[in-house]
>>> print(open('start.cif').read())   # mmCIF, C-alpha atoms
data_my_file
loop_
_atom_site.group_PDB
_atom_site.id
_atom_site.type_symbol
_atom_site.label_atom_id
_atom_site.label_comp_id
_atom_site.auth_asym_id
_atom_site.auth_seq_id
_atom_site.Cartn_x
_atom_site.Cartn_y
_atom_site.Cartn_z
ATOM 1 C CA MET A 230 -15.711 20.661 18.124
ATOM 2 C CA LEU A 231 -15.424 17.957 15.513
ATOM 3 C CA ALA A 232 -17.366 16.636 12.575
ATOM 4 C CA CYS A 233 -17.843 13.143 11.187
ATOM 5 C CA ASN A 234 -18.069 12.816 7.420
ATOM 6 C CA SER A 235 -19.861 10.103 5.494
ATOM 7 C CA ALA A 236 -16.772 7.878 5.515
ATOM 8 C CA ASN A 237 -16.764 7.831 9.332
ATOM 9 C CA LYS A 238 -13.586 9.866 9.500
ATOM 10 C CA LEU A 239 -12.977 12.776 11.810
ATOM 11 C CA SER A 240 -12.596 16.202 10.257
ATOM 12 C CA PHE A 241 -11.744 19.433 12.042
ATOM 13 C CA ASN A 242 -12.538 22.933 10.866
ATOM 14 C CA GLN A 243 -9.379 25.009 10.772
ATOM 15 C CA PHE A 244 -11.031 28.303 9.834
ATOM 16 C CA ILE A 245 -13.927 30.192 11.420
ATOM 17 C CA SER A 246 -17.184 30.285 9.460
ATOM 18 C CA ASN A 247 -20.477 32.077 9.957
ATOM 19 C CA GLY A 248 -22.486 30.129 12.555
ATOM 20 C CA ASP A 249 -19.452 28.510 14.199
ATOM 21 C CA LEU A 250 -19.036 28.339 17.960
ATOM 22 C CA VAL A 251 -15.843 29.992 19.208
ATOM 23 C CA ILE A 252 -14.389 30.484 22.678
ATOM 24 C CA VAL A 253 -13.478 34.134 23.175
ATOM 25 C CA TYR A 254 -10.414 34.210 25.420
ATOM 26 C CA GLU A 255 -9.645 37.388 27.367
ATOM 27 C CA ARG A 256 -7.488 35.753 30.040
ATOM 28 C CA HIS A 257 -7.218 32.311 31.656
ATOM 29 C CA ASP A 258 -10.088 33.024 34.060
ATOM 30 C CA ASN A 259 -12.286 34.985 31.647
ATOM 31 C CA MET A 260 -13.604 33.116 28.601
ATOM 32 C CA LYS A 261 -17.020 32.901 26.990
ATOM 33 C CA PRO A 262 -18.654 30.897 24.174
ATOM 34 C CA VAL A 263 -19.900 32.969 21.237
ATOM 35 C CA THR A 264 -21.741 31.834 18.105
ATOM 36 C CA VAL A 265 -20.402 33.756 15.119
ATOM 37 C CA SER A 266 -22.992 35.819 13.242
ATOM 38 C CA GLU A 267 -21.803 38.042 10.417
ATOM 39 C CA SER A 268 -24.050 40.939 11.423
ATOM 40 C CA SER A 269 -23.278 40.777 15.179
ATOM 41 C CA VAL A 270 -20.678 42.408 17.391
ATOM 42 C CA LEU A 271 -19.087 41.545 20.727
ATOM 43 C CA GLN A 272 -18.677 44.347 23.243
ATOM 44 C CA ASN A 273 -16.456 44.076 26.307
ATOM 45 C CA ARG A 274 -13.975 46.197 28.286
ATOM 46 C CA PHE A 275 -11.533 46.079 25.354
ATOM 47 C CA GLY A 276 -13.951 47.640 22.850
ATOM 48 C CA VAL A 277 -16.217 46.465 20.042
ATOM 49 C CA PHE A 278 -15.344 43.388 17.970
ATOM 50 C CA LYS A 279 -17.150 42.759 14.673
ATOM 51 C CA HIS A 280 -17.976 39.119 14.013
ATOM 52 C CA SER A 281 -17.521 39.777 10.294
ATOM 53 C CA ASP A 282 -13.807 40.351 10.972
ATOM 54 C CA TRP A 283 -13.547 36.861 12.471
ATOM 55 C CA ILE A 284 -14.913 34.915 9.511
ATOM 56 C CA GLY A 285 -12.166 33.238 7.493
ATOM 57 C CA LYS A 286 -9.546 33.538 10.237
ATOM 58 C CA PRO A 287 -7.989 30.360 11.651
ATOM 59 C CA PHE A 288 -8.920 29.267 15.161
ATOM 60 C CA GLY A 289 -6.378 30.653 17.621
ATOM 61 C CA SER A 290 -6.253 34.061 15.922
ATOM 62 C CA LYS A 291 -5.697 37.283 17.823
ATOM 63 C CA VAL A 292 -8.302 39.874 16.786
ATOM 64 C CA PHE A 293 -8.469 43.567 17.613
ATOM 65 C CA SER A 294 -11.320 45.893 18.593
ATOM 66 C CA ASN A 295 -12.062 49.449 17.487
ATOM 67 C CA LYS A 296 -10.042 50.645 20.526
ATOM 68 C CA GLY A 297 -7.019 48.480 19.837
ATOM 69 C CA GLY A 298 -7.850 45.908 22.498
ATOM 70 C CA PHE A 299 -7.611 42.245 21.592
ATOM 71 C CA VAL A 300 -8.952 38.765 22.355
ATOM 72 C CA TYR A 301 -8.134 35.287 21.074
ATOM 73 C CA LEU A 302 -10.630 33.141 19.162
ATOM 74 C CA LEU A 303 -10.178 29.530 20.263
ATOM 75 C CA ALA A 304 -11.705 26.297 18.998
ATOM 76 C CA PRO A 305 -14.352 24.863 21.371
ATOM 77 C CA THR A 306 -12.476 21.790 22.568
ATOM 78 C CA PRO A 307 -14.057 19.661 25.327
ATOM 79 C CA GLU A 308 -11.419 20.984 27.749
ATOM 80 C CA LEU A 309 -12.426 24.602 27.087
ATOM 81 C CA TRP A 310 -16.145 23.776 26.939
ATOM 82 C CA THR A 311 -15.924 22.367 30.483
ATOM 83 C CA LEU A 312 -14.657 25.782 31.626
ATOM 84 C CA VAL A 313 -17.348 27.887 29.921
ATOM 85 C CA LEU A 314 -20.535 25.780 29.888
ATOM 86 C CA SER A 315 -23.672 26.706 31.862
ATOM 87 C CA HIS A 316 -23.718 24.955 35.239
ATOM 88 C CA ARG A 317 -27.105 23.330 35.632
ATOM 89 C CA THR A 318 -25.545 20.920 38.143
ATOM 90 C CA GLN A 319 -22.167 20.396 39.782
ATOM 91 C CA ILE A 320 -19.826 19.267 37.001
ATOM 92 C CA LEU A 321 -16.771 17.076 36.594
ATOM 93 C CA TYR A 322 -13.600 18.954 35.697
ATOM 94 C CA ILE A 323 -10.662 18.016 33.502
ATOM 95 C CA VAL A 324 -8.632 16.163 36.143
ATOM 96 C CA ASP A 325 -11.489 13.744 36.945
ATOM 97 C CA ILE A 326 -12.671 13.490 33.326
ATOM 98 C CA SER A 327 -9.266 12.422 32.020
ATOM 99 C CA PHE A 328 -8.956 9.835 34.803
ATOM 100 C CA VAL A 329 -12.420 8.428 34.029
ATOM 101 C CA ILE A 330 -11.766 8.062 30.301
ATOM 102 C CA MET A 331 -8.437 6.313 30.875
ATOM 103 C CA TYR A 332 -9.682 3.886 33.538
ATOM 104 C CA LEU A 333 -12.852 3.049 31.614
ATOM 105 C CA GLU A 334 -10.572 2.195 28.649
ATOM 106 C CA ILE A 335 -12.704 4.260 26.270
ATOM 107 C CA VAL A 336 -11.426 4.333 22.688
ATOM 108 C CA PRO A 337 -12.944 5.166 19.281
ATOM 109 C CA GLY A 338 -15.839 2.848 18.498
ATOM 110 C CA CYS A 339 -16.922 2.226 22.097
ATOM 111 C CA LEU A 340 -20.543 2.313 23.218
ATOM 112 C CA VAL A 341 -20.773 4.196 26.515
ATOM 113 C CA MET A 342 -23.806 4.658 28.781
ATOM 114 C CA GLU A 343 -24.048 7.509 31.300
ATOM 115 C CA SER A 344 -26.463 8.521 34.065
ATOM 116 C CA GLY A 345 -27.007 11.383 34.817
ATOM 117 C CA THR A 346 -26.275 13.880 32.116
ATOM 118 C CA GLY A 347 -26.236 16.987 34.309
ATOM 119 C CA SER A 348 -24.520 19.887 32.554
ATOM 120 C CA GLY A 349 -22.896 17.633 29.959
ATOM 121 C CA SER A 350 -19.268 18.274 30.905
ATOM 122 C CA LEU A 351 -18.209 14.626 30.962
ATOM 123 C CA THR A 352 -20.564 13.689 28.112
ATOM 124 C CA THR A 353 -18.758 16.087 25.784
ATOM 125 C CA SER A 354 -15.387 14.466 26.451
ATOM 126 C CA LEU A 355 -16.871 10.972 26.182
ATOM 127 C CA ALA A 356 -18.208 11.837 22.718
ATOM 128 C CA ARG A 357 -14.781 12.912 21.493
ATOM 129 C CA ALA A 358 -13.208 9.759 22.950
ATOM 130 C CA VAL A 359 -15.590 7.383 21.113
ATOM 131 C CA ALA A 360 -15.668 9.308 17.804
ATOM 132 C CA PRO A 361 -16.031 8.705 14.919
ATOM 133 C CA THR A 362 -17.760 5.312 15.063
ATOM 134 C CA GLY A 363 -18.783 5.011 18.719
ATOM 135 C CA HIS A 364 -21.782 6.436 20.558
ATOM 136 C CA VAL A 365 -22.742 7.835 23.959
ATOM 137 C CA TYR A 366 -26.194 7.199 25.442
ATOM 138 C CA THR A 367 -26.819 9.545 28.347
ATOM 139 C CA PHE A 368 -29.808 9.603 30.706
ATOM 140 C CA ASP A 369 -31.203 12.213 33.097
ATOM 141 C CA PHE A 370 -34.444 12.137 35.084
ATOM 142 C CA HIS A 371 -34.912 15.936 34.748
ATOM 143 C CA GLU A 372 -36.659 16.745 31.457
ATOM 144 C CA GLN A 373 -35.613 20.406 31.216
ATOM 145 C CA ARG A 374 -32.016 19.564 32.063
ATOM 146 C CA ALA A 375 -31.957 16.905 29.355
ATOM 147 C CA ALA A 376 -33.409 19.371 26.833
ATOM 148 C CA SER A 377 -30.744 21.969 27.703
ATOM 149 C CA ALA A 378 -27.992 19.382 27.341
ATOM 150 C CA ARG A 379 -29.389 18.348 23.956
ATOM 151 C CA GLU A 380 -29.231 21.995 22.809
ATOM 152 C CA ASP A 381 -25.624 22.260 23.987
ATOM 153 C CA PHE A 382 -24.613 19.146 22.038
ATOM 154 C CA GLU A 383 -26.261 20.588 18.929
ATOM 155 C CA ARG A 384 -24.338 23.804 19.474
ATOM 156 C CA THR A 385 -21.001 22.041 19.863
ATOM 157 C CA GLY A 386 -21.594 19.772 16.855
ATOM 158 C CA LEU A 387 -21.688 16.512 18.828
ATOM 159 C CA SER A 388 -25.351 15.577 18.453
ATOM 160 C CA SER A 389 -24.570 12.762 15.989
ATOM 161 C CA LEU A 390 -22.465 11.041 18.671
ATOM 162 C CA ILE A 391 -24.760 11.567 21.677
ATOM 163 C CA ASN A 392 -28.284 10.394 22.373
ATOM 164 C CA VAL A 393 -29.975 12.199 25.300
ATOM 165 C CA ASN A 394 -32.831 10.410 27.068
ATOM 166 C CA VAL A 395 -35.180 11.300 29.926
ATOM 167 C CA ARG A 396 -35.267 8.381 32.352
ATOM 168 C CA ASP A 397 -34.878 7.807 36.099
ATOM 169 C CA ILE A 398 -32.177 5.168 36.078
ATOM 170 C CA GLN A 399 -32.292 4.673 39.853
ATOM 171 C CA ASP A 400 -35.953 3.617 39.695
ATOM 172 C CA GLU A 401 -36.292 2.156 36.197
ATOM 173 C CA GLY A 402 -32.797 0.981 35.350
ATOM 174 C CA PHE A 403 -31.227 1.210 31.893
ATOM 175 C CA PRO A 404 -33.326 0.177 28.849
ATOM 176 C CA TYR A 405 -33.099 -3.581 28.325
ATOM 177 C CA GLU A 406 -32.418 -3.090 24.604
ATOM 178 C CA PHE A 407 -28.804 -2.216 25.516
ATOM 179 C CA ALA A 408 -28.182 -5.420 27.479
ATOM 180 C CA SER A 409 -24.618 -6.733 27.000
ATOM 181 C CA LEU A 410 -23.811 -3.984 24.457
ATOM 182 C CA ALA A 411 -21.998 -1.354 26.527
ATOM 183 C CA ASP A 412 -18.218 -1.206 26.728
ATOM 184 C CA ALA A 413 -18.432 1.119 29.745
ATOM 185 C CA VAL A 414 -21.025 2.625 32.085
ATOM 186 C CA PHE A 415 -20.671 5.820 34.116
ATOM 187 C CA LEU A 416 -22.906 6.636 37.105
ATOM 188 C CA ASP A 417 -23.228 10.058 38.744
ATOM 189 C CA LEU A 418 -26.221 9.473 40.986
ATOM 190 C CA PRO A 419 -27.146 10.197 44.625
ATOM 191 C CA GLN A 420 -27.863 6.472 45.204
ATOM 192 C CA PRO A 421 -25.713 4.636 42.651
ATOM 193 C CA TRP A 422 -26.177 1.249 44.375
ATOM 194 C CA LEU A 423 -29.763 1.241 43.105
ATOM 195 C CA ALA A 424 -28.567 1.396 39.477
ATOM 196 C CA ILE A 425 -25.598 -0.986 39.752
ATOM 197 C CA PRO A 426 -27.553 -4.240 39.091
ATOM 198 C CA SER A 427 -29.005 -2.737 35.908
ATOM 199 C CA ALA A 428 -25.602 -1.368 34.851
ATOM 200 C CA ALA A 429 -24.077 -4.834 35.215
ATOM 201 C CA LYS A 430 -26.619 -6.220 32.727
ATOM 202 C CA MET A 431 -25.717 -3.536 30.171
ATOM 203 C CA LEU A 432 -21.995 -4.304 30.118
ATOM 204 C CA LYS A 433 -20.184 -6.651 27.788
ATOM 205 C CA GLN A 434 -18.081 -9.375 29.342
ATOM 206 C CA ASP A 435 -15.074 -7.808 31.107
ATOM 207 C CA GLY A 436 -16.679 -4.349 30.754
ATOM 208 C CA THR A 437 -15.910 -1.556 33.194
ATOM 209 C CA LEU A 438 -18.051 0.743 35.313
ATOM 210 C CA CYS A 439 -17.310 4.019 37.085
ATOM 211 C CA SER A 440 -19.343 5.545 39.903
ATOM 212 C CA PHE A 441 -18.707 9.141 40.963
ATOM 213 C CA SER A 442 -19.751 10.032 44.518
ATOM 214 C CA PRO A 443 -18.900 13.088 46.634
ATOM 215 C CA CYS A 444 -19.272 11.252 49.987
ATOM 216 C CA ILE A 445 -17.385 8.213 51.272
ATOM 217 C CA LYS A 446 -20.563 6.648 52.715
ATOM 218 C CA GLN A 447 -21.970 6.498 49.180
ATOM 219 C CA VAL A 448 -18.784 4.734 48.099
ATOM 220 C CA GLN A 449 -18.993 2.180 50.908
ATOM 221 C CA ARG A 450 -22.592 1.255 50.149
ATOM 222 C CA SER A 451 -21.894 1.076 46.413
ATOM 223 C CA CYS A 452 -18.932 -1.258 46.976
ATOM 224 C CA GLU A 453 -21.123 -3.621 48.996
ATOM 225 C CA THR A 454 -23.487 -3.915 46.026
ATOM 226 C CA LEU A 455 -20.659 -4.173 43.481
ATOM 227 C CA GLN A 456 -19.229 -7.318 45.066
ATOM 228 C CA THR A 457 -22.116 -9.383 43.696
ATOM 229 C CA SER A 458 -21.312 -8.968 39.986
ATOM 230 C CA PHE A 459 -17.975 -7.156 39.828
ATOM 231 C CA THR A 460 -14.338 -7.740 40.655
ATOM 232 C CA ASP A 461 -11.141 -5.650 40.905
ATOM 233 C CA ILE A 462 -12.990 -2.831 42.742
ATOM 234 C CA ARG A 463 -10.854 0.284 43.204
ATOM 235 C CA THR A 464 -11.649 3.761 44.544
ATOM 236 C CA PHE A 465 -9.610 6.900 43.846
ATOM 237 C CA GLU A 466 -9.631 10.530 44.907
ATOM 238 C CA VAL A 467 -7.808 12.699 42.378
ATOM 239 C CA LEU A 468 -6.289 15.913 43.770
ATOM 240 C CA LEU A 469 -4.664 18.437 41.450
ATOM 241 C CA ARG A 470 -1.984 20.894 42.596
ATOM 242 C CA THR A 471 -1.101 23.633 40.131
ATOM 243 C CA TYR A 472 1.913 25.937 40.170
ATOM 244 C CA GLU A 473 2.324 29.562 39.151
ATOM 245 C CA ILE A 474 5.327 30.426 37.002
ATOM 246 C CA ARG A 475 6.568 33.991 37.404
ATOM 247 C CA GLU A 476 9.708 36.056 36.988
ATOM 248 C CA GLU A 477 11.313 37.437 40.172
ATOM 249 C CA ARG A 478 14.542 39.120 41.269
ATOM 250 C CA MET A 479 17.000 36.968 43.166
ATOM 251 C CA GLU A 480 20.636 36.753 44.089
ATOM 252 C CA GLY A 481 22.442 35.886 40.841
ATOM 253 C CA PHE A 482 25.144 33.377 40.149
ATOM 254 C CA SER A 483 26.960 31.835 37.192
ATOM 255 C CA GLY A 484 27.689 28.120 36.819
ATOM 256 C CA GLU A 485 26.873 25.655 39.565
ATOM 257 C CA GLY A 486 28.695 27.209 42.467
ATOM 258 C CA ASN A 487 32.118 26.695 40.829
ATOM 259 C CA VAL A 488 34.486 29.332 42.242
ATOM 260 C CA ALA A 489 37.027 28.621 39.506
ATOM 261 C CA ASN A 490 34.800 30.143 36.811
ATOM 262 C CA GLY A 491 34.162 33.286 38.800
ATOM 263 C CA SER A 492 30.921 32.377 40.581
ATOM 264 C CA LEU A 493 30.337 32.294 44.293
ATOM 265 C CA PRO A 494 29.084 29.230 46.196
ATOM 266 C CA CYS A 495 25.280 29.083 46.320
ATOM 267 C CA ARG A 496 22.839 27.274 48.570
ATOM 268 C CA ARG A 497 19.199 26.375 48.027
ATOM 269 C CA ARG A 498 16.698 27.651 50.538
ATOM 270 C CA GLN A 499 12.944 27.260 50.740
ATOM 271 C CA ARG A 500 10.683 30.284 50.884
ATOM 272 C CA SER A 501 7.810 30.527 53.335
ATOM 273 C CA ASP A 502 5.315 30.038 50.447
ATOM 274 C CA GLY A 503 6.789 26.643 49.541
ATOM 275 C CA SER A 504 8.737 27.658 46.406
ATOM 276 C CA ASN A 505 12.498 27.226 46.053
ATOM 277 C CA MET A 506 15.206 29.738 45.260
ATOM 278 C CA LEU A 507 18.994 29.887 45.122
ATOM 279 C CA SER A 508 21.015 32.487 46.958
ATOM 280 C CA SER A 509 24.596 33.722 46.815
ATOM 281 C CA SER A 510 26.449 36.925 47.505
ATOM 282 C CA SER A 511 26.768 37.895 43.818
ATOM 283 C CA SER A 512 24.766 40.592 41.991
ATOM 284 C CA SER A 513 20.955 40.458 41.745
ATOM 285 C CA VAL A 514 19.478 38.942 38.578
ATOM 286 C CA SER A 515 16.039 38.031 37.269
ATOM 287 C CA THR A 516 14.927 34.410 37.256
ATOM 288 C CA VAL A 517 11.815 32.282 36.714
ATOM 289 C CA MET A 518 10.178 30.963 39.888
ATOM 290 C CA ALA A 519 7.649 28.144 40.407
ATOM 291 C CA ARG A 520 5.312 28.424 43.383
ATOM 292 C CA PRO A 521 2.162 26.512 44.447
ATOM 293 C CA ASN A 522 -1.102 28.141 43.459
ATOM 294 C CA GLY A 523 -3.030 29.168 46.579
ATOM 295 C CA GLU A 524 -6.364 28.592 44.806
ATOM 296 C CA ALA A 525 -5.841 24.912 43.983
ATOM 297 C CA ARG A 526 -9.075 22.911 43.694
ATOM 298 C CA GLY A 527 -9.620 20.493 46.594
ATOM 299 C CA HIS A 528 -11.883 17.467 46.991
ATOM 300 C CA THR A 529 -14.396 16.922 44.183
ATOM 301 C CA GLY A 530 -15.461 13.328 44.681
ATOM 302 C CA TYR A 531 -14.502 9.678 44.751
ATOM 303 C CA LEU A 532 -14.189 7.566 41.606
ATOM 304 C CA THR A 533 -14.931 3.865 42.020
ATOM 305 C CA PHE A 534 -13.958 1.495 39.189
ATOM 306 C CA PRO A 535 -15.041 -2.177 39.158
ATOM 307 C CA ARG A 536 -14.778 -4.708 36.314
ATOM 308 C CA LEU A 537 -17.608 -7.085 35.442
ATOM 309 C CA LYS A 538 -16.896 -10.677 36.453
ATOM 310 C CA CYS A 539 -16.407 -13.060 33.547
ATOM 311 C CA LEU A 540 -18.779 -15.977 33.353
ATOM 312 C CA SER A 541 -17.100 -19.303 34.115
#
>>> encode(input="start.cif", output="structure tokens")
Amino acid sequence: MLACNSANKLSFNQFISNGDLVIVYERHDNMKPVTVSESSVLQNRFGVFKHSDWIGKPFGSKVFSNKGGFVYLLAPTPELWTLVLSHRTQILYIVDISFVIMYLEIVPGCLVMESGTGSGSLTTSLARAVAPTGHVYTFDFHEQRAASAREDFERTGLSSLINVNVRDIQDEGFPYEFASLADAVFLDLPQPWLAIPSAAKMLKQDGTLCSFSPCIKQVQRSCETLQTSFTDIRTFEVLLRTYEIREERMEGFSGEGNVANGSLPCRRRQRSDGSNMLSSSSSSVSTVMARPNGEARGHTGYLTFPRLKCLS
């Protein structure tokens, strides 16, 4: 994903090397992570792909199989990793992750604390946001889940930016050694109100916290606890609506309905599926249409953001 050199500067590999992690892209809903090994091959419906043919090619290359089929070799960005990682728990997706990073005001050099780690989807994006000089400390009560996350961070090259710990934050709280050091804290817990007092002690003055909860009752109880040490409490639900872009046949026209230049008057009408089109009595032409995607993702959870009260 990224590497930090000795001068604390980010460096990105432009070309694929033996041992690198690549995202093999067949289509937008069919991708998989593959570790390049010179002696290995990838077999899928398009044929056999030799890993040795990939080495030395730039990320983003189109490579062909013995049957003439092809795939794309993409760099393992946090956005793509979120789409291909192993789901050990329910994960946060790009729309919530981007909102969290912006509202927590995370920038390079920040120290961020997270509980729980889960599948590591958010943790991966947090690491890129704080790089090259910041650090992410993430906690999960489940030992095997933490070990799997640690292996994933090694695989994606982020282990120098992330420290994975086994700890039940709801019962034990965050380690006291981090008191007043964290720029931001993120909670993804079934009972976040139990961890909020400890999280408040970890934050620097004017630091920010985010709590992710799937149910509104969790939000209400968390907000009651937040009022003791926090101010400016806000809760959001982020809903994403995507559109499909496709080419279709429609009634053609030239200009903007100006009869003087030879076109016929046109009117806009709405289709039953919600997309828009123009119609006229002139000849049929091909045009690009935008229509809502019927498989849009619905409710994921509520994001609550409070800011630590400043001492008077």
>>> atom_distance(input="start.cif", atom1="atom CA of A:Val253", atom2="atom CA of A:Thr529")
27.2 Å
>>> residues_around(input="start.cif", residues="A:Phe370", least_positions_apart="6", cutoff="6 Å", atoms="all atoms listed in the file", output="ChimeraX atom specification")
/A:395-397
>>> write_last_selection(input="start.cif", atoms="C-alpha atoms", output="compact mmCIF listing (two decimals), keeping the file's coordinate frame")
# COMPACT_ATOMS: atom_id res chain seq x y z
CA VAL A 395 -35.18 11.30 29.93
CA ARG A 396 -35.27 8.38 32.35
CA ASP A 397 -34.88 7.81 36.10
>>> atom_distance(input="start.cif", atom1="atom CA of A:Arg317", atom2="atom CA of A:Asn242")
28.7 Å
>>> resolve_selection(input="start.cif", expression="the PyMOL selection byres ((chain A and resi 276) around 8)", output="ChimeraX atom specification")
/A:272-275,277-278,294-298
>>> atom_distance(input="start.cif", atom1="atom CA of A:Gln319", atom2="atom CA of A:Gly523")
22.1 Å
>>> resolve_selection(input="start.cif", expression="the PyMOL selection byres ((chain A and resi 451) around 10)", output="PDB file with C-alpha atoms, keeping the file's coordinate frame")
ATOM      1  CA  GLN A 420     -27.863   6.472  45.204  1.00  0.00           C
ATOM      2  CA  PRO A 421     -25.713   4.636  42.651  1.00  0.00           C
ATOM      3  CA  TRP A 422     -26.177   1.249  44.375  1.00  0.00           C
ATOM      4  CA  LEU A 423     -29.763   1.241  43.105  1.00  0.00           C
ATOM      5  CA  ALA A 424     -28.567   1.396  39.477  1.00  0.00           C
ATOM      6  CA  ILE A 425     -25.598  -0.986  39.752  1.00  0.00           C
ATOM      7  CA  SER A 440     -19.343   5.545  39.903  1.00  0.00           C
ATOM      8  CA  SER A 442     -19.751  10.032  44.518  1.00  0.00           C
ATOM      9  CA  ILE A 445     -17.385   8.213  51.272  1.00  0.00           C
ATOM     10  CA  LYS A 446     -20.563   6.648  52.715  1.00  0.00           C
ATOM     11  CA  GLN A 447     -21.970   6.498  49.180  1.00  0.00           C
ATOM     12  CA  VAL A 448     -18.784   4.734  48.099  1.00  0.00           C
ATOM     13  CA  GLN A 449     -18.993   2.180  50.908  1.00  0.00           C
ATOM     14  CA  ARG A 450     -22.592   1.255  50.149  1.00  0.00           C
ATOM     15  CA  CYS A 452     -18.932  -1.258  46.976  1.00  0.00           C
ATOM     16  CA  GLU A 453     -21.123  -3.621  48.996  1.00  0.00           C
ATOM     17  CA  THR A 454     -23.487  -3.915  46.026  1.00  0.00           C
ATOM     18  CA  LEU A 455     -20.659  -4.173  43.481  1.00  0.00           C
ATOM     19  CA  GLN A 456     -19.229  -7.318  45.066  1.00  0.00           C
ATOM     20  CA  THR A 533     -14.931   3.865  42.020  1.00  0.00           C
TER      21      THR A 533
END
>>> closest_residue(input="start.cif", among="A:Leu321, A:Leu469, A:Met479, A:Cys539", to="A:Val514", atoms="all atoms listed in the file")
A:Met479
>>> closest_residue(input="start.cif", among="A:Arg463, A:Val517, A:Leu537, A:Thr471", to="A:Tyr332", atoms="only C-alpha atoms")
A:Arg463
>>> residues_around(input="start.cif", residues="A:Ser348", least_positions_apart="6", cutoff="12 Å", atoms="all atoms listed in the file", output="VMD selection string")
chain A and resid 310 to 322 367 to 369 371 373 to 382 393 417
>>> resolve_selection(input="start.cif", expression="the PyMOL selection byres ((chain A and resi 353-361) around 8)", output="number ranges by chain")
A: 231, 233, 237-239, 307-308, 326, 330, 335-341, 349-352, 362-365, 382, 387, 390-391
>>> closest_residue(input="start.cif", among="A:Glu477, A:Asp249, A:Glu466, A:Glu334", to="A:Leu532", atoms="all atoms listed in the file")
A:Glu466
>>> closest_residue(input="start.cif", among="A:Asn522, A:Gln399, A:Thr306, A:Thr464", to="A:Thr385", atoms="all atoms listed in the file")
A:Thr306
>>> closest_residue(input="start.cif", among="A:Val414, A:Leu303, A:Leu333, A:Val270", to="A:Lys286", atoms="all atoms listed in the file")
A:Leu303
>>> residues_around(input="start.cif", residues="stretch 400-410 of chain A", least_positions_apart="3", cutoff="6 Å", atoms="all atoms listed in the file", output="PyMOL selection string")
chain A and resi 397+424+427+430-433
>>> closest_residue(input="start.cif", among="A:Ala428, A:Ile323, A:Ala304, A:Val467", to="A:Gln243", atoms="only C-alpha atoms")
A:Ala304
